[in-house]
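Novice: This one is target32.txt, compact mmCIF, N, CA and C atoms.
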```txt
# COMPACT_ATOMS: atom_id res chain seq x y z
N MET A 253 -66.75 -30.29 -18.23
CA MET A 253 -66.68 -28.85 -18.11
C MET A 253 -66.14 -28.26 -19.41
N SER A 254 -66.76 -27.21 -19.80
CA SER A 254 -66.29 -26.56 -21.01
C SER A 254 -65.18 -25.57 -20.67
N ASN A 255 -64.34 -25.36 -21.61
CA ASN A 255 -63.22 -24.42 -21.43
C ASN A 255 -63.59 -23.05 -22.02
N LYS A 256 -64.83 -22.64 -21.82
CA LYS A 256 -65.30 -21.36 -22.36
C LYS A 256 -64.56 -20.22 -21.66
N ASN A 257 -64.11 -19.30 -22.43
CA ASN A 257 -63.42 -18.14 -21.89
C ASN A 257 -64.46 -17.18 -21.31
N TRP A 258 -64.44 -16.99 -19.99
CA TRP A 258 -65.46 -16.16 -19.34
C TRP A 258 -65.30 -14.69 -19.70
N LEU A 259 -64.14 -14.29 -20.16
CA LEU A 259 -63.96 -12.89 -20.54
C LEU A 259 -64.71 -12.52 -21.82
N LYS A 260 -64.99 -13.52 -22.67
CA LYS A 260 -65.72 -13.23 -23.89
C LYS A 260 -67.13 -12.74 -23.59
N SER A 261 -67.76 -13.31 -22.57
CA SER A 261 -69.13 -12.93 -22.26
C SER A 261 -69.21 -11.78 -21.24
N PHE A 262 -68.08 -11.27 -20.81
CA PHE A 262 -68.05 -10.19 -19.83
C PHE A 262 -68.36 -8.87 -20.53
N ARG A 263 -69.40 -8.17 -20.02
CA ARG A 263 -69.76 -6.87 -20.58
C ARG A 263 -69.61 -5.80 -19.52
N LEU A 264 -69.17 -4.64 -19.92
CA LEU A 264 -69.05 -3.53 -19.00
C LEU A 264 -70.39 -2.83 -18.86
N ASN A 265 -70.67 -2.40 -17.66
CA ASN A 265 -71.89 -1.65 -17.40
C ASN A 265 -71.63 -0.19 -17.73
N ILE A 266 -72.45 0.38 -18.61
CA ILE A 266 -72.21 1.78 -19.01
C ILE A 266 -72.57 2.75 -17.89
N HIS A 267 -73.31 2.28 -16.86
CA HIS A 267 -73.71 3.14 -15.76
C HIS A 267 -72.72 3.08 -14.59
N ALA A 268 -71.68 2.30 -14.72
CA ALA A 268 -70.74 2.11 -13.62
C ALA A 268 -70.06 3.42 -13.18
N PRO A 269 -69.60 4.27 -14.09
CA PRO A 269 -68.97 5.52 -13.62
C PRO A 269 -69.94 6.42 -12.85
N GLY A 270 -71.19 6.49 -13.29
CA GLY A 270 -72.18 7.29 -12.58
C GLY A 270 -72.50 6.73 -11.22
N THR A 271 -72.57 5.41 -11.13
CA THR A 271 -72.84 4.76 -9.85
C THR A 271 -71.69 4.99 -8.88
N GLY A 272 -70.48 4.86 -9.38
CA GLY A 272 -69.31 5.10 -8.54
C GLY A 272 -69.26 6.54 -8.04
N PHE A 273 -69.58 7.48 -8.91
CA PHE A 273 -69.58 8.88 -8.52
C PHE A 273 -70.66 9.15 -7.47
N ALA A 274 -71.85 8.56 -7.66
CA ALA A 274 -72.94 8.76 -6.71
C ALA A 274 -72.58 8.19 -5.34
N LEU A 275 -71.96 7.02 -5.31
CA LEU A 275 -71.54 6.43 -4.03
C LEU A 275 -70.47 7.28 -3.35
N MET A 276 -69.56 7.85 -4.15
CA MET A 276 -68.52 8.71 -3.59
C MET A 276 -69.14 9.97 -2.98
N VAL A 277 -70.11 10.56 -3.65
CA VAL A 277 -70.78 11.76 -3.13
C VAL A 277 -71.51 11.43 -1.84
N LEU A 278 -72.21 10.29 -1.82
CA LEU A 278 -72.91 9.89 -0.59
C LEU A 278 -71.94 9.71 0.56
N ALA A 279 -70.82 9.06 0.30
CA ALA A 279 -69.84 8.83 1.37
C ALA A 279 -69.28 10.15 1.88
N LEU A 280 -68.96 11.06 0.98
CA LEU A 280 -68.37 12.34 1.40
C LEU A 280 -69.36 13.23 2.13
N THR A 281 -70.65 13.12 1.80
CA THR A 281 -71.62 13.97 2.48
C THR A 281 -72.05 13.39 3.82
N GLN A 282 -71.95 12.10 4.01
CA GLN A 282 -72.39 11.48 5.25
C GLN A 282 -71.29 11.37 6.29
N GLU A 283 -70.04 11.44 5.88
CA GLU A 283 -68.93 11.31 6.82
C GLU A 283 -68.91 12.42 7.87
N PRO A 284 -69.09 13.70 7.52
CA PRO A 284 -69.11 14.74 8.56
C PRO A 284 -70.25 14.55 9.57
N VAL A 285 -71.38 14.05 9.11
CA VAL A 285 -72.51 13.81 10.02
C VAL A 285 -72.15 12.71 11.01
N GLY A 286 -71.50 11.67 10.53
CA GLY A 286 -71.08 10.58 11.41
C GLY A 286 -70.06 11.04 12.44
N ILE A 287 -69.13 11.87 12.03
CA ILE A 287 -68.12 12.39 12.96
C ILE A 287 -68.78 13.27 14.02
N LYS A 288 -69.72 14.11 13.62
CA LYS A 288 -70.42 14.97 14.57
C LYS A 288 -71.21 14.14 15.58
N ASN A 289 -71.92 13.12 15.10
CA ASN A 289 -72.70 12.28 16.00
C ASN A 289 -71.81 11.52 16.97
N ALA A 290 -70.69 11.03 16.49
CA ALA A 290 -69.77 10.32 17.37
C ALA A 290 -69.22 11.25 18.46
N ALA A 291 -68.91 12.49 18.09
CA ALA A 291 -68.42 13.45 19.07
C ALA A 291 -69.49 13.78 20.11
N GLU A 292 -70.75 13.91 19.66
CA GLU A 292 -71.84 14.18 20.60
C GLU A 292 -72.01 13.03 21.59
N ILE A 293 -71.97 11.81 21.09
CA ILE A 293 -72.12 10.65 21.97
C ILE A 293 -70.98 10.59 22.98
N PHE A 294 -69.76 10.87 22.52
CA PHE A 294 -68.61 10.87 23.41
C PHE A 294 -68.77 11.92 24.51
N CYS A 295 -69.22 13.12 24.13
CA CYS A 295 -69.40 14.19 25.12
C CYS A 295 -70.51 13.87 26.11
N ILE A 296 -71.60 13.28 25.61
CA ILE A 296 -72.70 12.89 26.50
C ILE A 296 -72.21 11.85 27.50
N ALA A 297 -71.43 10.89 27.03
CA ALA A 297 -70.91 9.84 27.92
C ALA A 297 -69.99 10.43 28.98
N GLN A 298 -69.14 11.35 28.59
CA GLN A 298 -68.22 11.98 29.56
C GLN A 298 -68.99 12.79 30.60
N THR A 299 -69.96 13.55 30.14
CA THR A 299 -70.76 14.36 31.06
C THR A 299 -71.56 13.48 32.00
N SER A 300 -72.16 12.42 31.47
CA SER A 300 -72.93 11.49 32.28
C SER A 300 -72.05 10.85 33.35
N SER A 301 -70.84 10.49 32.97
CA SER A 301 -69.92 9.87 33.93
C SER A 301 -69.57 10.84 35.07
N LYS A 302 -69.33 12.09 34.74
CA LYS A 302 -68.99 13.08 35.77
C LYS A 302 -70.16 13.33 36.72
N ILE A 303 -71.38 13.42 36.15
CA ILE A 303 -72.56 13.64 36.99
C ILE A 303 -72.80 12.42 37.88
N TRP A 304 -72.61 11.21 37.32
CA TRP A 304 -72.84 10.00 38.11
C TRP A 304 -71.87 9.92 39.29
N GLN A 305 -70.63 10.33 39.07
CA GLN A 305 -69.65 10.30 40.16
C GLN A 305 -70.08 11.20 41.31
N LEU A 306 -70.80 12.28 41.01
CA LEU A 306 -71.26 13.19 42.05
C LEU A 306 -72.54 12.71 42.72
N GLU A 307 -73.49 12.19 41.94
CA GLU A 307 -74.82 11.89 42.47
C GLU A 307 -75.12 10.41 42.63
N LYS A 308 -74.37 9.52 42.01
CA LYS A 308 -74.57 8.07 42.08
C LYS A 308 -75.98 7.65 41.66
N ASN A 309 -76.54 8.32 40.64
CA ASN A 309 -77.87 8.00 40.16
C ASN A 309 -77.81 7.96 38.63
N HIS A 310 -77.93 6.76 38.04
CA HIS A 310 -77.79 6.62 36.59
C HIS A 310 -78.87 7.37 35.82
N ALA A 311 -80.11 7.24 36.23
CA ALA A 311 -81.21 7.86 35.48
C ALA A 311 -81.06 9.38 35.45
N GLU A 312 -80.76 9.96 36.58
CA GLU A 312 -80.63 11.42 36.63
C GLU A 312 -79.38 11.88 35.89
N ALA A 313 -78.30 11.13 35.97
CA ALA A 313 -77.07 11.50 35.28
C ALA A 313 -77.29 11.49 33.76
N ASN A 314 -78.00 10.48 33.26
CA ASN A 314 -78.25 10.42 31.82
C ASN A 314 -79.18 11.52 31.36
N MET A 315 -80.21 11.82 32.15
CA MET A 315 -81.14 12.90 31.78
C MET A 315 -80.42 14.24 31.74
N LEU A 316 -79.60 14.52 32.71
CA LEU A 316 -78.88 15.79 32.75
C LEU A 316 -77.85 15.89 31.63
N ALA A 317 -77.20 14.78 31.31
CA ALA A 317 -76.16 14.81 30.29
C ALA A 317 -76.74 15.07 28.91
N VAL A 318 -77.90 14.50 28.63
CA VAL A 318 -78.51 14.70 27.32
C VAL A 318 -79.08 16.09 27.22
```
Kindly return the structure encoded in the file as structure tokens.

Specialist:
Amino acid sequence: MSNKNWLKSFRLNIHAPGTGFALMVLALTQEPVGIKNAAEIFCIAQTSSKIWQLEKNHAEANMLAV
């Protein structure tokens, strides 16, 4: 095995700051959408559960909840 210093051949990518910024923008723009969708799913599940307790019919409870 050679004792070559791996840092000598290490090069920085000049596009790294732009890539990092683009990923940060994507994350910040998609997070509110994910939170909204999670809240909708939670509300649909709660509504479906309440309807099912009254009617004891899964198919109808899910259709009404959505």

Novice: One decimal, Å: what's the distance from CA of Ala313 (chain A) over to atom C of Pro284 (chain A), could you say?

Specialist: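 Separating CA of Ala313 (chain A) from atom C of Pro284 (chain A) is a distance of 26.8 Å.
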
Novice: CA of Ala291 (chain A) and atom C of Ala317 (chain A), how far apart in Å?

Specialist: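 These atoms are spaced 13.0 Å apart.
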
Novice: Provide the atom N of Val318 (chain A) to atom N of Lys288 (chain A) distance in Å, to one decimal place.

Specialist: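 Separating atom N of Val318 (chain A) from atom N of Lys288 (chain A) is a distance of 17.1 Å.
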